[in-house]
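Here is the structure we will look at, set down as structure tokens.
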Amino acid sequence: MRIQPFLEAKREGLEHSSGDIRAFIDGVVDESITRAQAAAWLAFVNCKGMSDRETAALTQAMTESGRVLTWPGLSGPFVDKHSTGGVGDKISIILAPVWAAMGFRVPMISGRGLGITGGTLDKLEAIPGYRTDLQPEELRLVLAEAGCFISGQTAELAPADRILYGLRDETGTVPSIPLITASILSKKLAEGLDRLVLDVKCGSGAFMKTRTSARKLADSLVRVGRAAGLEVDSVISDMSQPLGVAVGNAVEIQESIDCLKGGGPKPVRELVEKLSGDPEACRQVMRSGLAYEHFERMVRAQGGDLSKPLHGAGIQSEIVACGRGGRVERCDALGVGQAAYVLGAGRSKASDAVHHGVGVLVHVSKGDVVEPGQKLATLLHDGGKGLDEALSAIRDAIGIQEA
Ligand code: URA
């Protein structure tokens, strides 16, 4: 392709044709377009934006830059969800088996965390033996056996996104809404889905800090996803405080198991019910044990062993109690996430390992009335690393208005 006119067009804010976008993505993947040229284009898009038509063309070209999974011999509908992520967000681990129990097939390709807490794969790897590197034929077998899988991105899926995401990270162009939209949807479309539910979080612990920016992203994802032929719905959910009690890897698996058995914290169960699209059927499969049965089948089919203790068990704990009592006016998601991070639950670069056992249990939420000396949080730590910093992050994160 002639790259200079293409770059000049976006610099001037003109619309690209779908054919030009396709040729650009092909060039990025076969490296006939240099990293510097691709980075310049990302910067122009970040400033000038893209129409929905261009974003849909970019999404499609990125999806088709790699393999698009199909599920021959399996009946659908094939559904998945995407969350923009947050502190204590373990919803995927619960919702995938819930949907499987409701009769859907859930081919869930998920990611690792970068930043304050681990991602869904990091959490699942707290289960001894659980494999997140399934190959396409194995994915099909697990989907047939359990009705769902949760595994990692393979090199063959949407390779253009991997290249562009790395460049966006280096060039400060990650926040562009059309680029986020194409990045998320290209990977989801490569899963061979019929339906996608988006959980766009807003608040201090989320990528989108305000409801307005979360709405903008959700609307873009819904419009472009529908243009690409997917049935898409979105929910905006609160991330100003952590979701549930557990923040960490193994502790979030334990909390997910509690929810799958019909227990666990109410806000977690309620969000799963809302995202499921059928709250009554969702409650029913959790209460009856059917959702947990699908979880067990998925874990077993992916090599995991739930009879063994989760990795990182036997960790030490430190209780944070309140001084004089009063009303909880703030339980800041970002602050709690930072406490979990300094204890080792998250990572700052992709090659870092996460500690599966450490984390935070948050015992209060905004609006609760607490007595003097009541337990506010429990820090799970491995003997000192980051403990002082975590204690101070938690004390700052939980604000008590004295009565
Ligand atoms: N998640 C993605 O997969 N891509 C983005 O650009 C942002 C969040």
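Going through the structure tokens in order, the chains are called A, B, and so on, while each chain numbers its residues from 1 and the ligands are numbered from 1 in the order shown.
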
(request) Output the neighbourhood of ligand 1 as a PyMOL selection string, that is, all protein and nucleic acid residues with some atom at most 10 Å from the ligand, counting only C-alpha atoms and all ligand atoms. (result) chain A and resi 82-85+110-111+161-162+164-166+168-169+173-188+207

Tell me which protein, DNA and RNA residues are within 12 Å of Ser213 in chain A, counting only C-alpha atoms, leaving out same-chain ones fewer than 2 positions away, and put them as a short mmCIF file (atom, residue, chain, number, x, y, z; two decimals) with N, CA and C atoms, in the first residue's frame.
data_model
loop_
_atom_site.label_atom_id
_atom_site.label_comp_id
_atom_site.auth_asym_id
_atom_site.auth_seq_id
_atom_site.Cartn_x
_atom_site.Cartn_y
_atom_site.Cartn_z
N PRO A 175 -5.75 5.11 25.37
CA PRO A 175 -7.12 5.58 25.71
C PRO A 175 -8.05 5.88 24.53
N SER A 176 -7.58 5.85 23.29
CA SER A 176 -8.45 6.18 22.15
C SER A 176 -9.64 5.21 22.08
N ILE A 177 -10.86 5.77 22.09
CA ILE A 177 -12.06 4.90 22.11
C ILE A 177 -12.17 4.02 20.87
N VAL A 200 -18.88 -2.70 31.43
CA VAL A 200 -17.97 -1.56 31.39
C VAL A 200 -18.00 -0.91 32.77
N LYS A 201 -16.86 -0.91 33.43
CA LYS A 201 -16.80 -0.45 34.82
C LYS A 201 -16.42 1.02 34.88
N CYS A 202 -16.95 1.71 35.89
CA CYS A 202 -16.52 3.11 36.06
C CYS A 202 -16.26 3.39 37.54
N GLY A 203 -15.25 4.20 37.76
CA GLY A 203 -14.88 4.55 39.14
C GLY A 203 -13.38 4.48 39.31
N ALA A 206 -11.28 1.54 38.00
CA ALA A 206 -11.52 1.12 36.61
C ALA A 206 -10.70 1.96 35.65
N PHE A 207 -10.61 1.47 34.42
CA PHE A 207 -9.93 2.19 33.34
C PHE A 207 -10.70 3.49 33.05
N MET A 208 -12.03 3.41 33.04
CA MET A 208 -12.87 4.59 32.82
C MET A 208 -13.28 5.13 34.20
N LYS A 209 -12.86 6.35 34.48
CA LYS A 209 -13.07 6.87 35.85
C LYS A 209 -14.48 7.45 36.03
N THR A 210 -15.10 7.90 34.95
CA THR A 210 -16.41 8.54 35.09
C THR A 210 -17.47 7.75 34.32
N ARG A 211 -18.74 7.95 34.75
CA ARG A 211 -19.86 7.30 34.08
C ARG A 211 -19.95 7.76 32.62
N ARG A 215 -19.85 5.28 29.53
CA ARG A 215 -21.00 5.23 28.60
C ARG A 215 -20.52 5.37 27.16
N LYS A 216 -19.56 6.29 26.97
CA LYS A 216 -19.04 6.53 25.62
C LYS A 216 -18.39 5.25 25.05
N LEU A 217 -17.60 4.58 25.89
CA LEU A 217 -16.96 3.34 25.43
C LEU A 217 -18.00 2.25 25.19
N ALA A 218 -18.95 2.12 26.13
CA ALA A 218 -19.99 1.08 25.99
C ALA A 218 -20.77 1.29 24.70
N ASP A 219 -21.16 2.55 24.42
CA ASP A 219 -21.95 2.83 23.21
C ASP A 219 -21.15 2.50 21.95
N SER A 220 -19.87 2.85 21.96
CA SER A 220 -19.04 2.56 20.79
C SER A 220 -18.94 1.03 20.57
N ILE A 236 -23.22 -0.82 32.60
CA ILE A 236 -22.18 0.00 33.25
C ILE A 236 -22.23 -0.36 34.73
#

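Nearest to Glu191 in chain A of all the residues A:Glu137, A:Asp80, A:Glu402, A:Asp352 is A:Asp80, based on only C-alpha atoms.
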
(message) Nearest residue to Ile93 in chain A out of A:Arg67, A:His363, A:Val299, A:Leu189, using only C-alpha atoms?
(response) A:Val299

(message) Just want the 12 Å neighbourhood of Arg53 in chain A, counted on only C-alpha atoms, with same-chain residues fewer than 4 positions away dropped. Output as a ChimeraX atom specification.
(response) /A:15-19,21,49,57-60,178,182,220,223-228

(request) Tell me which of A:Met239, A:Gln302, A:Thr63, A:Glu8 sits closest to Gly152 in chain A, counting only C-alpha atoms. (result)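 That would be A:Gln302, the residue with the smallest distance to Gly152 in chain A.
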
(message) Excluding Val358 in chain A and its own-chain neighbours fewer than 6 positions away, which residues fall within 8 Å of it when counting only C-alpha atoms? Please give them as a list in words.
(response) Gly248, Asn249, Ala250, Gly312, Ile315, Ala340, Leu343, Gly344, Ala345, Leu379, Leu380, His381 and Asp382 of chain A

(request) May I have the residues within 9 Å of range 88-92 of chain A as a PyMOL selection string, using only C-alpha atoms and disregarding those fewer than 4 positions away in the same chain? (result) chain A and resi 80-83+96-97+108+110+117+119-120+123+150+242-248+252-253+255-256+268-269+271-272+333+337

(request) Select, from A:Gly192, A:Gly147, A:Gly103, A:Gly172, the residue with the minimum atom-to-atom distance to Val68 in chain A, counting only C-alpha atoms. (result) A:Gly192

(request) Would you mind writing down, as a VMD selection string, each residue of range 86-334 of chain A that DSSP on the backbone assigns to alpha helix (DSSP H)? (result) chain A and resid 91 to 101 120 to 124 136 to 146 159 to 171 177 to 189 211 to 227 250 to 260 266 to 276 279 to 287 290 to 301 333 to 334

(message) Can you measure CA of Ser307 in chain A to CA of Gly359 in chain A for me? One decimal in Å is fine.
(response) 22.0 Å

(request) For Asp305 in chain A, work out the shell of residues within 7 Å, counting only C-alpha atoms and skipping chain neighbours fewer than 5 positions away, then give it as a list in words. (result)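 The residues satisfying every condition are Ile127, Pro128, Gly129 and Arg300 of chain A.
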
(message) Based on the backbone DSSP call, show me all residues of range 66-301 of chain A assigned strand (DSSP E or B), as a VMD selection string.
(response) chain A and resid 78 to 83 105 to 110 115 148 to 152 195 to 202 208 231 to 238 246 to 248

(message) Here is a test: counting only C-alpha atoms, which residue of A:Val362, A:Ala160, A:Cys282, A:Val342 is nearest to Cys259 in chain A?
(response) A:Cys282

(message) Could you check the closest approach to Phe6 in chain A for each of A:Ser392, A:Ser240, A:Gln37, A:Ser32 and tell me which residue wins, using only C-alpha atoms?
(response)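 Under the stated criterion, the closest residue is A:Gln37.
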
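In this model, the gap between CA of Gln338 in chain A and CA of Val320 in chain A comes to 15.5 Å.
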
(request) Please indicate the distance in Å from CA of Leu121 in chain A to CA of Leu95 in chain A, rounded to one decimal place. (result) 14.5 Å

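Near Met298 in chain A, within a cut-off of 9 Å and counting only C-alpha atoms, sit the residues A:Pro97, A:Val142, A:Leu143, A:Glu145, A:Ala146, A:Gly147, A:Cys148, A:Phe149, A:Ile150, A:Glu293, A:His294, A:Phe295, A:Glu296, A:Arg300, A:Ala301, A:Gln302, A:Gly303, A:Gly304, with same-chain residues fewer than 2 positions away left out.
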